[in-house]
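Below is upload23.txt, holding compact mmCIF, C-alpha atoms.
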# COMPACT_ATOMS: atom_id res chain seq x y z
CA MET J 1 -35.15 19.99 -8.26
CA SER J 2 -32.69 17.65 -9.97
CA TYR J 3 -31.96 14.27 -8.45
CA VAL J 4 -28.49 13.83 -6.93
CA GLN J 5 -27.37 10.25 -6.49
CA PRO J 6 -26.11 9.71 -2.94
CA THR J 7 -22.54 8.57 -2.57
CA PHE J 8 -23.42 6.45 0.45
CA SER J 9 -26.55 4.50 1.37
CA VAL J 10 -26.75 3.12 4.90
CA VAL J 11 -29.23 0.22 5.15
CA ALA J 12 -30.49 -0.76 8.60
CA PRO J 13 -33.13 -3.41 9.39
CA VAL J 14 -35.34 -2.40 12.32
CA TYR J 15 -37.37 -4.75 14.50
CA ASN J 16 -38.72 -3.44 17.81
CA GLU J 17 -35.91 -0.96 18.49
CA GLU J 18 -37.93 1.96 19.87
CA GLN J 19 -35.32 2.58 22.56
CA LEU J 20 -32.39 2.83 20.15
CA ILE J 21 -33.55 3.91 16.70
CA ALA J 22 -33.33 7.69 17.29
CA GLU J 23 -29.84 7.42 18.79
CA PHE J 24 -28.79 5.12 15.97
CA CYS J 25 -29.85 7.66 13.34
CA ARG J 26 -28.14 10.49 15.22
CA ARG J 27 -24.83 8.62 15.35
CA VAL J 28 -24.95 7.54 11.71
CA ILE J 29 -25.65 11.10 10.53
CA ALA J 30 -22.93 12.45 12.80
CA VAL J 31 -20.47 10.09 11.13
CA LEU J 32 -21.53 10.77 7.52
CA GLU J 33 -22.09 14.53 7.56
CA PRO J 34 -18.39 15.45 8.03
CA LEU J 35 -17.55 13.51 4.85
CA GLY J 36 -19.22 16.28 2.85
CA GLU J 37 -20.90 13.94 0.35
CA PRO J 38 -24.60 13.18 -0.21
CA PHE J 39 -25.96 10.19 1.67
CA GLU J 40 -29.20 8.47 2.63
CA LEU J 41 -30.19 6.32 5.58
CA VAL J 42 -32.66 3.57 4.61
CA LEU J 43 -34.54 2.08 7.57
CA VAL J 44 -36.44 -1.14 6.91
CA ASN J 45 -39.36 -1.69 9.28
CA ASP J 46 -39.50 -5.49 9.50
CA GLY J 47 -42.99 -5.66 11.00
CA CYS J 48 -42.22 -3.82 14.26
CA ARG J 49 -44.80 -4.21 17.03
CA ASP J 50 -43.62 -1.35 19.23
CA ARG J 51 -43.38 2.41 18.62
CA SER J 52 -40.50 2.08 16.12
CA PRO J 53 -42.66 2.87 13.01
CA GLU J 54 -43.99 6.05 14.64
CA ILE J 55 -40.49 7.14 15.64
CA MET J 56 -39.10 6.43 12.17
CA ARG J 57 -41.87 8.48 10.57
CA LYS J 58 -41.02 11.47 12.79
CA LEU J 59 -37.32 11.06 12.04
CA HIS J 60 -38.06 11.13 8.31
CA GLU J 61 -40.19 14.26 8.69
CA ARG J 62 -37.32 16.02 10.46
CA ASP J 63 -34.62 14.81 8.06
CA PRO J 64 -35.59 13.73 4.50
CA ARG J 65 -32.28 11.89 4.19
CA ILE J 66 -33.81 9.27 6.49
CA LYS J 67 -35.98 7.04 4.32
CA VAL J 68 -38.30 4.31 5.54
CA ILE J 69 -39.54 1.04 4.04
CA ASN J 70 -42.49 -0.46 5.92
CA PHE J 71 -43.09 -4.18 5.37
CA SER J 72 -46.63 -5.55 5.44
CA ARG J 73 -45.47 -8.02 8.12
CA ASN J 74 -42.31 -9.49 9.58
CA PHE J 75 -40.25 -11.17 6.84
CA GLY J 76 -36.99 -11.66 8.71
CA HIS J 77 -33.62 -9.97 9.12
CA GLN J 78 -31.99 -11.24 5.92
CA ILE J 79 -35.01 -10.28 3.82
CA ALA J 80 -34.98 -6.81 5.40
CA ILE J 81 -31.36 -6.40 4.35
CA THR J 82 -32.33 -7.50 0.84
CA ALA J 83 -35.12 -4.91 0.64
CA GLY J 84 -32.82 -2.17 1.87
CA THR J 85 -30.18 -2.95 -0.73
CA ASP J 86 -32.90 -3.20 -3.41
CA TYR J 87 -34.05 0.34 -2.66
CA ALA J 88 -30.66 1.90 -1.87
CA THR J 89 -29.35 4.16 -4.62
CA GLY J 90 -25.89 5.05 -3.33
CA LYS J 91 -22.60 4.34 -5.08
CA ALA J 92 -21.64 2.42 -1.95
CA VAL J 93 -24.14 0.61 0.29
CA ILE J 94 -23.35 0.05 3.97
CA VAL J 95 -25.36 -2.60 5.84
CA ILE J 96 -25.47 -2.23 9.61
CA ASP J 97 -27.83 -3.39 12.35
CA SER J 98 -29.81 -0.70 14.17
CA ASP J 99 -29.12 -2.08 17.66
CA LEU J 100 -25.78 -0.18 17.90
CA GLN J 101 -23.78 -3.32 18.60
CA ASP J 102 -21.93 -2.56 15.38
CA PRO J 103 -20.70 1.01 16.03
CA PRO J 104 -21.44 3.50 13.23
CA GLU J 105 -18.09 5.15 14.00
CA VAL J 106 -16.40 2.27 12.11
CA ILE J 107 -18.09 3.34 8.85
CA PRO J 108 -15.32 5.82 7.84
CA ALA J 109 -12.78 2.98 8.06
CA LEU J 110 -14.92 0.91 5.67
CA ILE J 111 -15.21 3.87 3.31
CA ALA J 112 -11.44 4.42 3.38
CA ARG J 113 -10.81 0.85 2.18
CA TRP J 114 -13.50 1.29 -0.50
CA ARG J 115 -11.71 4.36 -1.81
CA GLU J 116 -8.58 2.21 -2.08
CA GLY J 117 -10.37 0.07 -4.66
CA TYR J 118 -11.98 -2.70 -2.59
CA GLN J 119 -15.56 -3.45 -3.58
CA VAL J 120 -16.63 -5.38 -0.48
CA VAL J 121 -15.33 -4.25 2.91
CA TYR J 122 -16.63 -6.31 5.83
CA GLY J 123 -16.25 -5.79 9.56
CA VAL J 124 -14.25 -8.45 11.40
CA ARG J 125 -15.28 -8.91 15.03
CA GLU J 126 -12.15 -8.94 17.18
CA GLU J 127 -14.15 -8.71 20.40
CA ARG J 128 -17.81 -9.44 21.18
CA GLU J 129 -18.85 -7.62 24.32
CA GLY J 130 -21.89 -8.67 26.34
CA GLU J 131 -22.29 -12.10 24.75
CA THR J 132 -22.32 -15.39 26.62
CA TRP J 133 -19.59 -17.99 26.39
CA PHE J 134 -22.07 -20.34 24.72
CA LYS J 135 -22.94 -17.88 21.95
CA LYS J 136 -19.31 -16.97 21.29
CA THR J 137 -18.27 -20.62 21.14
CA THR J 138 -21.10 -21.77 18.88
CA ALA J 139 -20.58 -18.77 16.57
CA ALA J 140 -16.85 -19.53 16.27
CA ILE J 141 -17.61 -23.19 15.50
CA PHE J 142 -20.23 -22.27 12.89
CA TYR J 143 -18.03 -19.81 11.00
CA ARG J 144 -15.15 -22.26 10.83
CA LEU J 145 -17.42 -25.16 9.90
CA ILE J 146 -19.07 -23.33 7.00
CA VAL J 147 -15.66 -22.36 5.62
CA ARG J 148 -14.60 -26.00 5.56
CA ILE J 149 -17.76 -27.49 4.03
CA THR J 150 -18.45 -24.91 1.32
CA ASN J 151 -16.57 -23.84 -1.77
CA VAL J 152 -17.19 -20.16 -0.98
CA ASN J 153 -14.57 -18.21 0.95
CA ILE J 154 -16.85 -16.76 3.62
CA PRO J 155 -14.73 -14.64 6.01
CA VAL J 156 -14.51 -15.95 9.56
CA ASP J 157 -15.95 -13.94 12.48
CA THR J 158 -17.93 -11.54 10.31
CA GLY J 159 -21.55 -10.50 10.36
CA ASP J 160 -23.71 -8.48 7.99
CA PHE J 161 -21.90 -5.22 8.84
CA ARG J 162 -20.19 -4.37 5.55
CA LEU J 163 -19.83 -1.92 2.71
CA MET J 164 -20.61 -3.02 -0.85
CA ASP J 165 -19.87 -1.20 -4.07
CA ARG J 166 -22.74 -0.49 -6.47
CA LYS J 167 -21.49 -3.25 -8.81
CA VAL J 168 -21.76 -5.77 -5.98
CA VAL J 169 -25.24 -4.59 -5.00
CA ASP J 170 -26.45 -4.83 -8.60
CA ALA J 171 -25.09 -8.38 -8.78
CA LEU J 172 -26.86 -9.33 -5.53
CA LYS J 173 -30.16 -8.04 -6.92
CA ARG J 174 -30.15 -10.90 -9.41
CA MET J 175 -30.13 -13.50 -6.61
CA ARG J 176 -33.68 -13.94 -5.37
CA GLU J 177 -33.58 -17.19 -3.37
CA HIS J 178 -35.87 -17.15 -0.36
CA HIS J 179 -33.64 -18.76 2.28
CA ARG J 180 -31.01 -16.05 2.24
CA PHE J 181 -27.58 -15.94 3.84
CA MET J 182 -26.44 -12.47 2.82
CA ARG J 183 -22.87 -12.67 4.10
CA GLY J 184 -22.43 -15.82 2.04
CA LEU J 185 -24.00 -14.26 -1.06
CA SER J 186 -21.75 -11.20 -0.83
CA ALA J 187 -18.75 -13.53 -0.70
CA TRP J 188 -20.04 -15.68 -3.58
CA VAL J 189 -20.23 -12.76 -6.04
CA GLY J 190 -16.48 -12.24 -5.75
CA PHE J 191 -14.89 -8.84 -6.49
CA ARG J 192 -12.06 -7.40 -4.40
CA GLN J 193 -12.78 -7.94 -0.72
CA THR J 194 -11.05 -7.05 2.53
CA GLY J 195 -11.85 -6.78 6.22
CA VAL J 196 -11.67 -4.06 8.86
CA PRO J 197 -11.27 -5.23 12.49
CA TYR J 198 -13.51 -3.67 15.13
CA ARG J 199 -14.90 -4.30 18.59
CA ARG J 200 -18.55 -5.27 18.70
CA HIS J 201 -20.36 -3.58 21.58
CA ALA J 202 -22.87 -5.02 23.99
CA ARG J 203 -26.52 -4.24 23.34
CA ALA J 204 -27.34 -0.89 24.99
CA ALA J 205 -31.08 -1.53 25.36
CA GLY J 206 -33.76 -4.03 24.42
CA THR J 207 -33.33 -7.75 23.90
CA THR J 208 -31.65 -9.82 21.21
CA LYS J 209 -33.74 -10.61 18.14
CA TYR J 210 -31.77 -13.82 17.51
CA PRO J 211 -32.57 -16.41 20.21
CA LEU J 212 -31.18 -19.92 19.95
CA ARG J 213 -34.04 -21.18 17.75
CA LYS J 214 -33.48 -18.45 15.16
CA MET J 215 -29.73 -18.91 15.31
CA LEU J 216 -30.11 -22.61 14.52
CA ARG J 217 -32.41 -21.83 11.59
CA PHE J 218 -29.99 -19.17 10.36
CA ALA J 219 -27.08 -21.64 10.55
CA LEU J 220 -29.12 -24.24 8.67
CA ASP J 221 -29.96 -21.72 5.92
CA GLY J 222 -26.29 -20.85 5.56
CA ILE J 223 -25.17 -24.48 5.31
CA THR J 224 -27.89 -25.65 2.92
CA SER J 225 -27.48 -22.58 0.71
CA PHE J 226 -23.81 -23.22 0.01
CA SER J 227 -23.08 -26.89 0.71
CA TYR J 228 -24.26 -30.35 -0.34
CA LEU J 229 -22.38 -31.96 2.55
CA PRO J 230 -25.52 -32.84 4.58
CA LEU J 231 -26.85 -34.84 1.60
CA GLN J 232 -23.47 -36.49 1.16
CA LEU J 233 -23.35 -37.32 4.87
CA ALA J 234 -26.67 -39.15 4.54
CA THR J 235 -25.14 -41.25 1.75
CA TYR J 236 -21.96 -41.90 3.73
CA LEU J 237 -24.02 -42.85 6.77
CA GLY J 238 -25.94 -45.38 4.70
CA PHE J 239 -22.71 -47.00 3.52
CA VAL J 240 -21.34 -47.08 7.08
CA VAL J 241 -24.49 -48.73 8.42
CA ALA J 242 -24.45 -51.25 5.58
CA ALA J 243 -20.79 -52.07 6.30
CA ILE J 244 -21.47 -52.49 10.04
CA SER J 245 -24.42 -54.76 9.25
CA MET J 246 -22.33 -56.94 6.96
CA ILE J 247 -19.59 -57.24 9.57
CA PHE J 248 -22.16 -58.05 12.24
CA LEU J 249 -23.73 -60.76 10.10
CA LEU J 250 -20.32 -62.20 9.34
CA VAL J 251 -19.40 -62.31 13.04
CA VAL J 252 -22.70 -63.99 13.91
CA PHE J 253 -22.20 -66.55 11.15
CA ILE J 254 -18.67 -67.40 12.30
CA MET J 255 -19.63 -67.62 16.00
CA ARG J 256 -22.64 -69.76 15.17
CA LEU J 257 -20.45 -72.20 13.27
CA ALA J 258 -17.80 -72.21 16.02
CA ASN J 259 -20.14 -72.52 19.01
CA PRO J 260 -23.88 -72.50 18.26
CA ALA J 261 -24.90 -72.73 21.93
CA ALA J 262 -22.90 -69.65 22.99
CA ALA J 263 -23.84 -67.47 20.02
CA GLU J 264 -27.58 -67.99 20.19
CA PRO J 265 -28.39 -66.17 23.47
CA ALA J 266 -26.09 -63.23 22.67
CA PHE J 267 -27.27 -62.47 19.14
CA TYR J 268 -30.82 -63.70 18.88
CA GLY J 269 -32.45 -62.07 21.90
CA GLN J 270 -35.27 -59.54 21.60
CA ALA J 271 -33.12 -56.70 22.99
CA SER J 272 -30.47 -56.95 20.28
CA THR J 273 -33.12 -57.23 17.55
CA LEU J 274 -35.00 -54.18 18.88
CA ALA J 275 -31.78 -52.13 19.15
CA SER J 276 -30.85 -52.98 15.55
CA VAL J 277 -34.28 -52.02 14.22
CA LEU J 278 -34.33 -48.74 16.14
CA PHE J 279 -30.81 -47.87 14.94
CA LEU J 280 -31.68 -48.49 11.30
CA GLY J 281 -34.95 -46.58 11.68
CA ALA J 282 -33.11 -43.60 13.17
CA VAL J 283 -30.64 -43.57 10.28
CA GLN J 284 -33.50 -43.61 7.77
CA LEU J 285 -35.36 -40.79 9.51
CA ILE J 286 -32.23 -38.64 9.72
CA SER J 287 -31.58 -39.18 6.02
CA LEU J 288 -35.18 -38.35 5.12
CA GLY J 289 -35.02 -35.24 7.30
CA ILE J 290 -31.91 -33.98 5.50
CA ILE J 291 -33.47 -34.62 2.11
CA GLY J 292 -36.66 -32.95 3.30
CA GLU J 293 -34.79 -29.75 4.19
CA TYR J 294 -33.50 -29.45 0.64
CA VAL J 295 -36.83 -30.42 -0.93
CA GLY J 296 -38.57 -27.80 1.22
CA ARG J 297 -36.24 -25.15 -0.12
CA ILE J 298 -36.93 -26.25 -3.68
CA TYR J 299 -40.66 -26.00 -2.94
CA ASP J 300 -40.26 -22.45 -1.63
CA GLU J 301 -38.41 -21.42 -4.79
CA VAL J 302 -40.82 -22.93 -7.33
CA LYS J 303 -43.81 -21.17 -5.76
CA GLY J 304 -42.37 -17.94 -7.11
CA ARG J 305 -43.66 -15.73 -4.31
CA PRO J 306 -42.00 -12.31 -3.79
CA LEU J 307 -39.35 -12.10 -1.12
CA TYR J 308 -41.26 -9.36 0.68
CA ILE J 309 -44.24 -7.04 0.37
CA VAL J 310 -43.86 -3.32 1.00
CA ALA J 311 -46.87 -1.62 2.60
CA GLU J 312 -45.49 1.91 2.48
CA THR J 313 -42.33 3.86 1.73
CA LEU J 314 -41.34 7.26 3.09
CA GLY J 315 -38.97 9.48 1.14
CA ILE J 316 -38.54 7.06 -1.77
CA ALA J 317 -39.88 8.30 -5.10
CA GLU J 318 -41.37 5.75 -7.48
CA GLY J 319 -38.80 6.63 -10.12
CA ASP J 320 -35.96 6.00 -7.68
CA ALA J 321 -37.32 2.74 -6.29
CA THR J 322 -35.41 0.30 -8.48
CA SER J 323 -37.08 -2.57 -6.64
CA ALA J 324 -40.67 -1.42 -7.21
CA THR J 325 -41.15 -4.29 -9.65
CA ILE J 326 -38.87 -6.67 -7.81
CA VAL J 327 -41.06 -6.98 -4.72
CA ARG J 328 -44.13 -7.83 -6.79
CA THR J 329 -42.66 -10.32 -9.25
CA SER J 330 -41.13 -13.75 -9.29
CA SER J 331 -37.40 -14.29 -9.60
CA ARG J 332 -37.74 -15.02 -13.34
CA GLU J 333 -39.60 -11.74 -13.94
CA HIS J 334 -37.06 -9.89 -11.84
CA GLU J 335 -34.31 -10.56 -14.36
CA VAL J 336 -36.46 -8.97 -17.06
CA SER J 337 -37.44 -5.96 -14.97
CA THR J 338 -33.93 -4.98 -13.88
CA PRO J 339 -33.42 -1.28 -14.66
CA SER J 340 -31.55 -0.64 -17.88
CA GLY J 341 -27.96 0.42 -17.52
CA ALA J 342 -27.42 -1.62 -14.34
CA ASN J 343 -23.90 -2.95 -14.26
CA LEU J 344 -24.49 -6.66 -13.67

Would you encode the structure as structure tokens?
Amino acid sequence: MSYVQPTFSVVAPVYNEEQLIAEFCRRVIAVLEPLGEPFELVLVNDGCRDRSPEIMRKLHERDPRIKVINFSRNFGHQIAITAGTDYATGKAVIVIDSDLQDPPEVIPALIARWREGYQVVYGVREEREGETWFKKTTAAIFYRLIVRITNVNIPVDTGDFRLMDRKVVDALKRMREHHRFMRGLSAWVGFRQTGVPYRRHARAAGTTKYPLRKMLRFALDGITSFSYLPLQLATYLGFVVAAISMIFLLVVFIMRLANPAAAEPAFYGQASTLASVLFLGAVQLISLGIIGEYVGRIYDEVKGRPLYIVAETLGIAEGDATSATIVRTSSREHEVSTPSGANL
């Protein structure tokens, strides 16, 4: 049987979604089948601890168009997206979460803009149902902040729900940094991009996989991946503290000359000395912490470990798995092992 390249590949990370994964697959297939073109649905098992792997295996057995990538452990949402796009073979790759907050019924609208010649079509969240005021506010602040402090035009109010042309996917395969911010990377590569507005639904079942701690880490990865501003802020803070210290010393000197008796109790007590030392120590620790974040990322890159390890694949032939060498090599080797003919 000859191999037919799918027109569309839908990539969906899965982490403990046993209540939703079957319905998610049903809705995606219901959307793609009427288009009358070959497609595949690539589910990435990101170390699920519930019945999701068993359910995905049964779904694959019933419909070979559903393909499964099983990680050896949990590697994280952004890495799962990376693995899915590595293995996807479609002319257009659609990334969507499997929790049904991003409705699969929006996919035809993304495809329509792709047919118009756009190579990246991202979903723009006009409404976010079921989310707290705190999460909406912090998300809005983050998206607007990262636009201002980076030189990459990352669309505001977007997530990972997007369609990418094969040329874009092949370009992304060359970027193997470990601390990944996929929506930023897809903006960095350029190409013609546009947005499609949609209403993000509330989670139908289960719990969010992005609590506050993970959201903060995700925001930090996005900022440090595309901006040097935190390092520059540490420098600016040092200059500000130095300027304040010089002014303080000058004021003390003048007041001591003008009235030594009045100046001495105010500026030479233990409280003021302790406050000054603690302030300077805090500034130094903050600066070291910022530098440490960047050094830690450099350390992760130079170790050359693979982004992820695949324990098993279902429905993916070795000849079709363009990432079979990617997941077992360093970033330097990846550039050598890219399949010939890839449009990079």

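Distances to J:Ile154 were evaluated for J:Ala80, J:Val121, J:Ala258, J:Ala187 using only C-alpha atoms, and the minimum falls at J:Ala187.
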
What are the nearest atom pairs, with distances in Å to one decimal, for all residues of stretch 47-107 of chain J that come at most 6 Å from stretch 6-27 of chain J, using only C-alpha atoms, set out by chain and rising residue number as a Markdown table?
| residue | atom | partner | partner_atom | distance |
| --- | --- | --- | --- | --- |
| J:Cys48 | CA | J:Tyr15 | CA | 4.9 |
| J:Asp50 | CA | J:Asn16 | CA | 5.5 |
| J:Arg51 | CA | J:Glu18 | CA | 5.6 |
| J:Ser52 | CA | J:Glu18 | CA | 4.5 |
| J:Ala80 | CA | J:Pro13 | CA | 5.6 |
| J:Gly84 | CA | J:Val11 | CA | 5.4 |
| J:Ala88 | CA | J:Ser9 | CA | 5.8 |
| J:Gly90 | CA | J:Pro6 | CA | 4.7 |
| J:Lys91 | CA | J:Thr7 | CA | 4.9 |
| J:Ala92 | CA | J:Phe8 | CA | 5.0 |
| J:Val93 | CA | J:Ser9 | CA | 4.7 |
| J:Ile94 | CA | J:Val10 | CA | 4.7 |
| J:Val95 | CA | J:Val11 | CA | 4.8 |
| J:Ile96 | CA | J:Ala12 | CA | 5.3 |
| J:Asp97 | CA | J:Ala12 | CA | 5.3 |
| J:Ser98 | CA | J:Ala12 | CA | 5.6 |

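With only C-alpha atoms as the basis for measurement, J:Phe181 is the residue among J:Glu293, J:Thr137, J:Phe181, J:Pro64 that approaches J:Gln78 most closely.
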
Exercise. At what distance in Å, to one decimal, does atom CA of J:Leu110 lie from atom CA of J:Arg200?
Worked result: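 The value is 14.9 Å.
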
For this session: Provide the atom CA of J:Leu229 to atom CA of J:Asp160 distance in Å, to one decimal place.
Result: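 Interatomic distance, atom CA of J:Leu229 to atom CA of J:Asp160: 24.1 Å.
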
For this session: Measuring atom to atom with all atoms listed in the file, identify which of J:Gly76, J:Met175, J:Pro230, J:Tyr118 is nearest to J:Glu301.
Result: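 Looking only at the distances to J:Glu301, the closest residue turns out to be J:Met175.
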
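Of the listed residues (J:Ala311, J:Val42, J:Ile29, J:Ala202), J:Ala202 comes nearest to J:Asp99; the distances count only C-alpha atoms.
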
Exercise. Which of these residues is nearest to J:Pro38, using only C-alpha atoms: J:Ile81, J:Pro53, J:His60, J:Thr89?
Worked result: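 Of the candidates, the smallest distance to J:Pro38 is held by J:Thr89.
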
Problem set entry | Which residue of J:Gln193, J:Thr158, J:Gln284, J:Asn153 approaches J:Arg125 most closely, using all atoms listed in the file | J:Thr158

Exercise. Excluding same-chain residues fewer than 5 positions from J:Ile79, what lies within 8 Å of it counting only C-alpha atoms, as a PyMOL selection string?
Worked result: chain J and resi 180+307-308

Let me see the file: selected residues, C-alpha atoms, as a PDB file, in the frame of the given file.
ATOM      1  CA  ARG J 180     -31.010 -16.050   2.240  1.00  0.00           C
ATOM      2  CA  LEU J 307     -39.350 -12.100  -1.120  1.00  0.00           C
ATOM      3  CA  TYR J 308     -41.260  -9.360   0.680  1.00  0.00           C
TER       4      TYR J 308
END

For this session: Take atom CA of J:Asp46 and atom CA of J:Met182 and report the distance between them in Å, one decimal.
Result: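 Calculated distance between atom CA of J:Asp46 and atom CA of J:Met182 is 16.2 Å.
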